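A short worksheet on the structure shown next.
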Number of protein chains: 2
Amino acid sequence: MEVCITSLLRDKGFKVTPQRLAIYNMLSSTKSHPNAEMIFNELQAMYPTMSLATVYKTMEILKEIGLVQVLNAGEDSFRYDAVMTNHPHVRCTECGQVEDVPDINIEAFVNEVSQGTKYQIMGQQFYFHGICPACQRKKSN
Amino acid sequence: MEVCITSLLRDKGFKVTPQRLAIYNMLSSTKSHPNAEMIFNELQAMYPTMSLATVYKTMEILKEIGLVQVLNAGEDSFRYDAVMTNHPHVRCTECGQVEDVPDINIEAFVNEVSQGTKYQIMGQQFYFHGICPACQRKKSN
DNA sequence: AACTACTCGATAATTGTTTTCTATAAAAAA
DNA sequence: TTTTTTATAGAAAACAATTATCGAGTAGTT
């Protein structure tokens, strides 16, 4: 995996820096779909001098070289995902966590939209919001 | 329609003002899914003293009483829609326009997600991006 | 008409994100 | 390895969308 990001950066003329590796490693080892600030906080301990601007600039690059996708879960900030397969997400309106929606087949749906709109569809994002199992339990008590 | 918004506002304890009526009328008579600034610009001629803050405050109220929905088409600003049925939207990455995706049945899809995630799904937003027919033509010339 | 509470609009504040600038670190060249 | 080149990190300022504040004005009620 590290080989992958290292050569991808080099190939596109970007330099390989500890910050970039750290950010990508952190992102690819979590399922929490963090936003820039969450990434920043997470790396504070290990990289105390890192700035939020570096996180943003790095995400921009990682997006450009196709290593992360940007999620828009209807919040006021963007979240990031190192899983590049296009899958829906669901956000809990109580606790705010964002999870993957597993095992959903999108293709037929996308085709239908493509035909119905005459658009050349390049991508899509589906997000659901609701109450996660844990918060449902909390509320019923 | 005006009866509807007037009484809805009153019933919820909001006052009926010319600004609110103008904003809602403008929104309900367009298919362009404008954002706050577009609404503001559109109403400048008729209401030269109206402020952008009023547009935002009004949208907040209209959302609260269920007359508009807020769209998040992956841009840096929110768009608004007076059509309350939940339907997908598609944005052209060339010209930026946002259109409705007609005649799509979402229900089965939502059910599948509900069962797969154990979430109590309260709502969802689907947005697609791609190139609209007009821009496709422009590009091929 | 008078009263009360809500609202408007100007302005300031806030928040997420981007840009600018310069010392420095990474890659290339020697 | 040393030197040279070039991109980058980080601090701070800039920005853009949105929200909050506040005094004057207006809608709705009495």
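Residues are named by chain letter and number: chains run A, B, ... in the order of the structure tokens, numbers start at 1 in each chain, and ligands are numbered from 1 in the order shown.
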
Near chain B, meaning an atom within 8 Å, which residues of chain C appear when counting only C-alpha atoms (C1' of nucleotides)? Write them as a tab-separated table (two decimals) with C-alpha atoms (C1' of nucleotides), in the first residue's frame.
chain	number	residue	atom	x	y	z
C	6	DC	C1'	-41.72	39.34	15.71
C	7	DT	C1'	-39.02	40.66	11.71
C	8	DC	C1'	-35.96	43.33	8.56
C	9	DG	C1'	-31.69	44.74	7.12

Please return, as a list of chain:residue names, all residues of chain D lying within 8 Å of chain A when only C-alpha atoms (C1' of nucleotides) are considered. D:DA7, D:DT8, D:DA9, D:DG10

Write the residues of the preceding selection, restricted to C-alpha atoms (C1' of nucleotides), as a tab-separated table (two decimals), in the first residue's frame.
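Just written: again23.tsv:
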chain	number	residue	atom	x	y	z
D	7	DA	C1'	7.95	21.58	-4.36
D	8	DT	C1'	6.17	21.69	0.29
D	9	DA	C1'	4.97	22.65	5.32
D	10	DG	C1'	3.24	25.62	8.31

Run DSSP on the backbone and tell me which residues of range 44-129 of chain B come out as strand (DSSP E); list them as a PyMOL selection string. chain B and resi 69-71+79-81+89-92+98-100+120-129

Produce a table with one row for each residue of chain C that has an atom at most 8 Å from any atom of range 12-23 of chain D, each row naming the nearest atom pair and its distance in Å at one decimal; use only C-alpha atoms (C1' of nucleotides); arrange rows by chain and rising residue number; format as JSON lines.
{"residue": "C:DA12", "atom": "C1'", "partner": "D:DT21", "partner_atom": "C1'", "distance": 7.8}
{"residue": "C:DA13", "atom": "C1'", "partner": "D:DA20", "partner_atom": "C1'", "distance": 7.1}
{"residue": "C:DT14", "atom": "C1'", "partner": "D:DT19", "partner_atom": "C1'", "distance": 7.3}
{"residue": "C:DT18", "atom": "C1'", "partner": "D:DC15", "partner_atom": "C1'", "distance": 7.3}
{"residue": "C:DT19", "atom": "C1'", "partner": "D:DA14", "partner_atom": "C1'", "distance": 6.8}
{"residue": "C:DT20", "atom": "C1'", "partner": "D:DA13", "partner_atom": "C1'", "distance": 7.7}

Writing out the chosen residues with C-alpha atoms (C1' of nucleotides) as a PDB file, in the first residue's frame:
ATOM      1  C1'  DA C  12     -20.209  41.873  12.771  1.00  0.00           C
ATOM      2  C1'  DA C  13     -19.015  37.238  13.879  1.00  0.00           C
ATOM      3  C1'  DT C  14     -18.212  32.445  12.807  1.00  0.00           C
ATOM      4  C1'  DT C  18      -8.075  28.271   0.350  1.00  0.00           C
ATOM      5  C1'  DT C  19      -4.280  31.253  -0.534  1.00  0.00           C
ATOM      6  C1'  DT C  20       0.091  33.569   0.337  1.00  0.00           C
TER       7       DT C  20
END

Give the residues of chain A that lie within 12 Å of chain B; count only C-alpha atoms, and format the answer as a ChimeraX atom specification. /A:70-79,86-94,97-137

If you run DSSP on the backbone, which residues of range 11-135 of chain A are alpha helix (DSSP H), as a VMD selection string? chain A and resid 11 18 to 28 36 to 44 52 to 64 107 to 117 133 to 135

Could you write out the selected residues, including N, CA and C atoms, as a compact mmCIF listing (two decimals), in the first residue's frame?
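Ended up saving to out_30.txt:
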# COMPACT_ATOMS: atom_id res chain seq x y z
N ASP A 11 4.98 9.75 -9.54
CA ASP A 11 4.61 9.74 -10.96
C ASP A 11 3.93 11.03 -11.39
N PRO A 18 6.49 12.94 4.81
CA PRO A 18 5.95 12.21 5.97
C PRO A 18 4.50 12.58 6.25
N GLN A 19 4.19 13.86 6.11
CA GLN A 19 2.82 14.31 6.37
C GLN A 19 1.81 13.61 5.46
N ARG A 20 2.17 13.53 4.19
CA ARG A 20 1.24 12.93 3.24
C ARG A 20 1.03 11.45 3.53
N LEU A 21 2.13 10.78 3.86
CA LEU A 21 2.00 9.37 4.18
C LEU A 21 1.15 9.19 5.43
N ALA A 22 1.41 10.03 6.42
CA ALA A 22 0.68 9.91 7.69
C ALA A 22 -0.81 10.12 7.47
N ILE A 23 -1.14 11.14 6.69
CA ILE A 23 -2.55 11.43 6.45
C ILE A 23 -3.21 10.28 5.70
N TYR A 24 -2.53 9.79 4.68
CA TYR A 24 -3.15 8.70 3.93
C TYR A 24 -3.26 7.43 4.76
N ASN A 25 -2.24 7.13 5.52
CA ASN A 25 -2.29 5.94 6.37
C ASN A 25 -3.41 6.02 7.39
N MET A 26 -3.53 7.18 7.99
CA MET A 26 -4.60 7.36 8.97
C MET A 26 -5.96 7.14 8.31
N LEU A 27 -6.13 7.74 7.14
CA LEU A 27 -7.43 7.66 6.47
C LEU A 27 -7.74 6.23 6.02
N SER A 28 -6.71 5.53 5.55
CA SER A 28 -6.98 4.20 5.01
C SER A 28 -7.10 3.15 6.10
N ALA A 36 -11.70 17.00 7.69
CA ALA A 36 -10.34 17.51 7.82
C ALA A 36 -9.94 17.72 9.28
N GLU A 37 -10.85 18.25 10.04
CA GLU A 37 -10.52 18.54 11.43
C GLU A 37 -10.28 17.26 12.23
N MET A 38 -11.07 16.23 11.96
CA MET A 38 -10.88 14.97 12.67
C MET A 38 -9.51 14.37 12.33
N ILE A 39 -9.13 14.46 11.08
CA ILE A 39 -7.82 13.96 10.67
C ILE A 39 -6.74 14.75 11.38
N PHE A 40 -6.91 16.04 11.36
CA PHE A 40 -5.95 16.94 12.00
C PHE A 40 -5.78 16.58 13.48
N ASN A 41 -6.88 16.45 14.19
CA ASN A 41 -6.82 16.12 15.62
C ASN A 41 -6.14 14.79 15.87
N GLU A 42 -6.48 13.84 15.04
CA GLU A 42 -5.92 12.49 15.19
C GLU A 42 -4.40 12.51 15.07
N LEU A 43 -3.89 13.37 14.19
CA LEU A 43 -2.45 13.37 13.92
C LEU A 43 -1.68 14.35 14.80
N GLN A 44 -2.42 15.13 15.58
CA GLN A 44 -1.79 16.10 16.48
C GLN A 44 -0.69 15.49 17.33
N LEU A 52 -3.67 22.55 9.74
CA LEU A 52 -4.90 22.14 9.08
C LEU A 52 -4.80 22.36 7.57
N ALA A 53 -4.09 23.40 7.18
CA ALA A 53 -3.93 23.68 5.76
C ALA A 53 -3.24 22.52 5.06
N THR A 54 -2.33 21.90 5.73
CA THR A 54 -1.63 20.75 5.15
C THR A 54 -2.59 19.59 4.92
N VAL A 55 -3.50 19.40 5.85
CA VAL A 55 -4.50 18.36 5.66
C VAL A 55 -5.32 18.65 4.41
N TYR A 56 -5.79 19.86 4.30
CA TYR A 56 -6.60 20.22 3.13
C TYR A 56 -5.81 20.08 1.84
N LYS A 57 -4.58 20.56 1.85
CA LYS A 57 -3.79 20.49 0.62
C LYS A 57 -3.50 19.04 0.26
N THR A 58 -3.25 18.24 1.26
CA THR A 58 -2.98 16.82 1.00
C THR A 58 -4.22 16.12 0.47
N MET A 59 -5.37 16.42 1.03
CA MET A 59 -6.60 15.79 0.54
C MET A 59 -6.84 16.15 -0.92
N GLU A 60 -6.53 17.38 -1.26
CA GLU A 60 -6.69 17.83 -2.64
C GLU A 60 -5.84 16.97 -3.58
N ILE A 61 -4.61 16.75 -3.17
CA ILE A 61 -3.69 15.93 -3.98
C ILE A 61 -4.16 14.48 -4.04
N LEU A 62 -4.53 13.94 -2.90
CA LEU A 62 -4.96 12.54 -2.86
C LEU A 62 -6.21 12.33 -3.71
N LYS A 63 -7.06 13.31 -3.69
CA LYS A 63 -8.24 13.23 -4.53
C LYS A 63 -7.83 13.24 -6.01
N GLU A 64 -6.88 14.11 -6.31
CA GLU A 64 -6.44 14.26 -7.70
C GLU A 64 -5.81 12.99 -8.25
N GLU A 107 -25.83 -0.17 -9.98
CA GLU A 107 -25.68 -0.04 -11.44
C GLU A 107 -26.98 0.18 -12.20
N ALA A 108 -27.97 -0.64 -11.92
CA ALA A 108 -29.23 -0.54 -12.64
C ALA A 108 -29.82 0.85 -12.43
N PHE A 109 -29.68 1.32 -11.23
CA PHE A 109 -30.19 2.63 -10.85
C PHE A 109 -29.51 3.73 -11.66
N VAL A 110 -28.21 3.64 -11.73
CA VAL A 110 -27.44 4.63 -12.48
C VAL A 110 -27.82 4.61 -13.95
N ASN A 111 -27.96 3.43 -14.49
CA ASN A 111 -28.35 3.32 -15.89
C ASN A 111 -29.69 3.97 -16.16
N GLU A 112 -30.61 3.73 -15.25
CA GLU A 112 -31.94 4.30 -15.40
C GLU A 112 -31.87 5.83 -15.43
N VAL A 113 -31.06 6.38 -14.55
CA VAL A 113 -30.92 7.84 -14.50
C VAL A 113 -30.26 8.34 -15.78
N SER A 114 -29.26 7.62 -16.22
CA SER A 114 -28.54 8.02 -17.42
C SER A 114 -29.49 8.11 -18.61
N GLN A 115 -30.35 7.11 -18.72
CA GLN A 115 -31.30 7.11 -19.84
C GLN A 115 -32.38 8.15 -19.66
N GLY A 116 -32.84 8.31 -18.44
CA GLY A 116 -33.94 9.23 -18.18
C GLY A 116 -33.56 10.68 -18.37
N THR A 117 -32.29 11.00 -18.13
CA THR A 117 -31.89 12.41 -18.16
C THR A 117 -31.11 12.80 -19.39
N PRO A 133 -28.57 2.01 15.15
CA PRO A 133 -29.09 1.05 16.13
C PRO A 133 -28.80 1.47 17.57
N ALA A 134 -27.59 1.91 17.84
CA ALA A 134 -27.21 2.28 19.21
C ALA A 134 -28.06 3.44 19.71
N CYS A 135 -28.25 4.45 18.87
CA CYS A 135 -29.04 5.60 19.29
C CYS A 135 -30.53 5.26 19.41
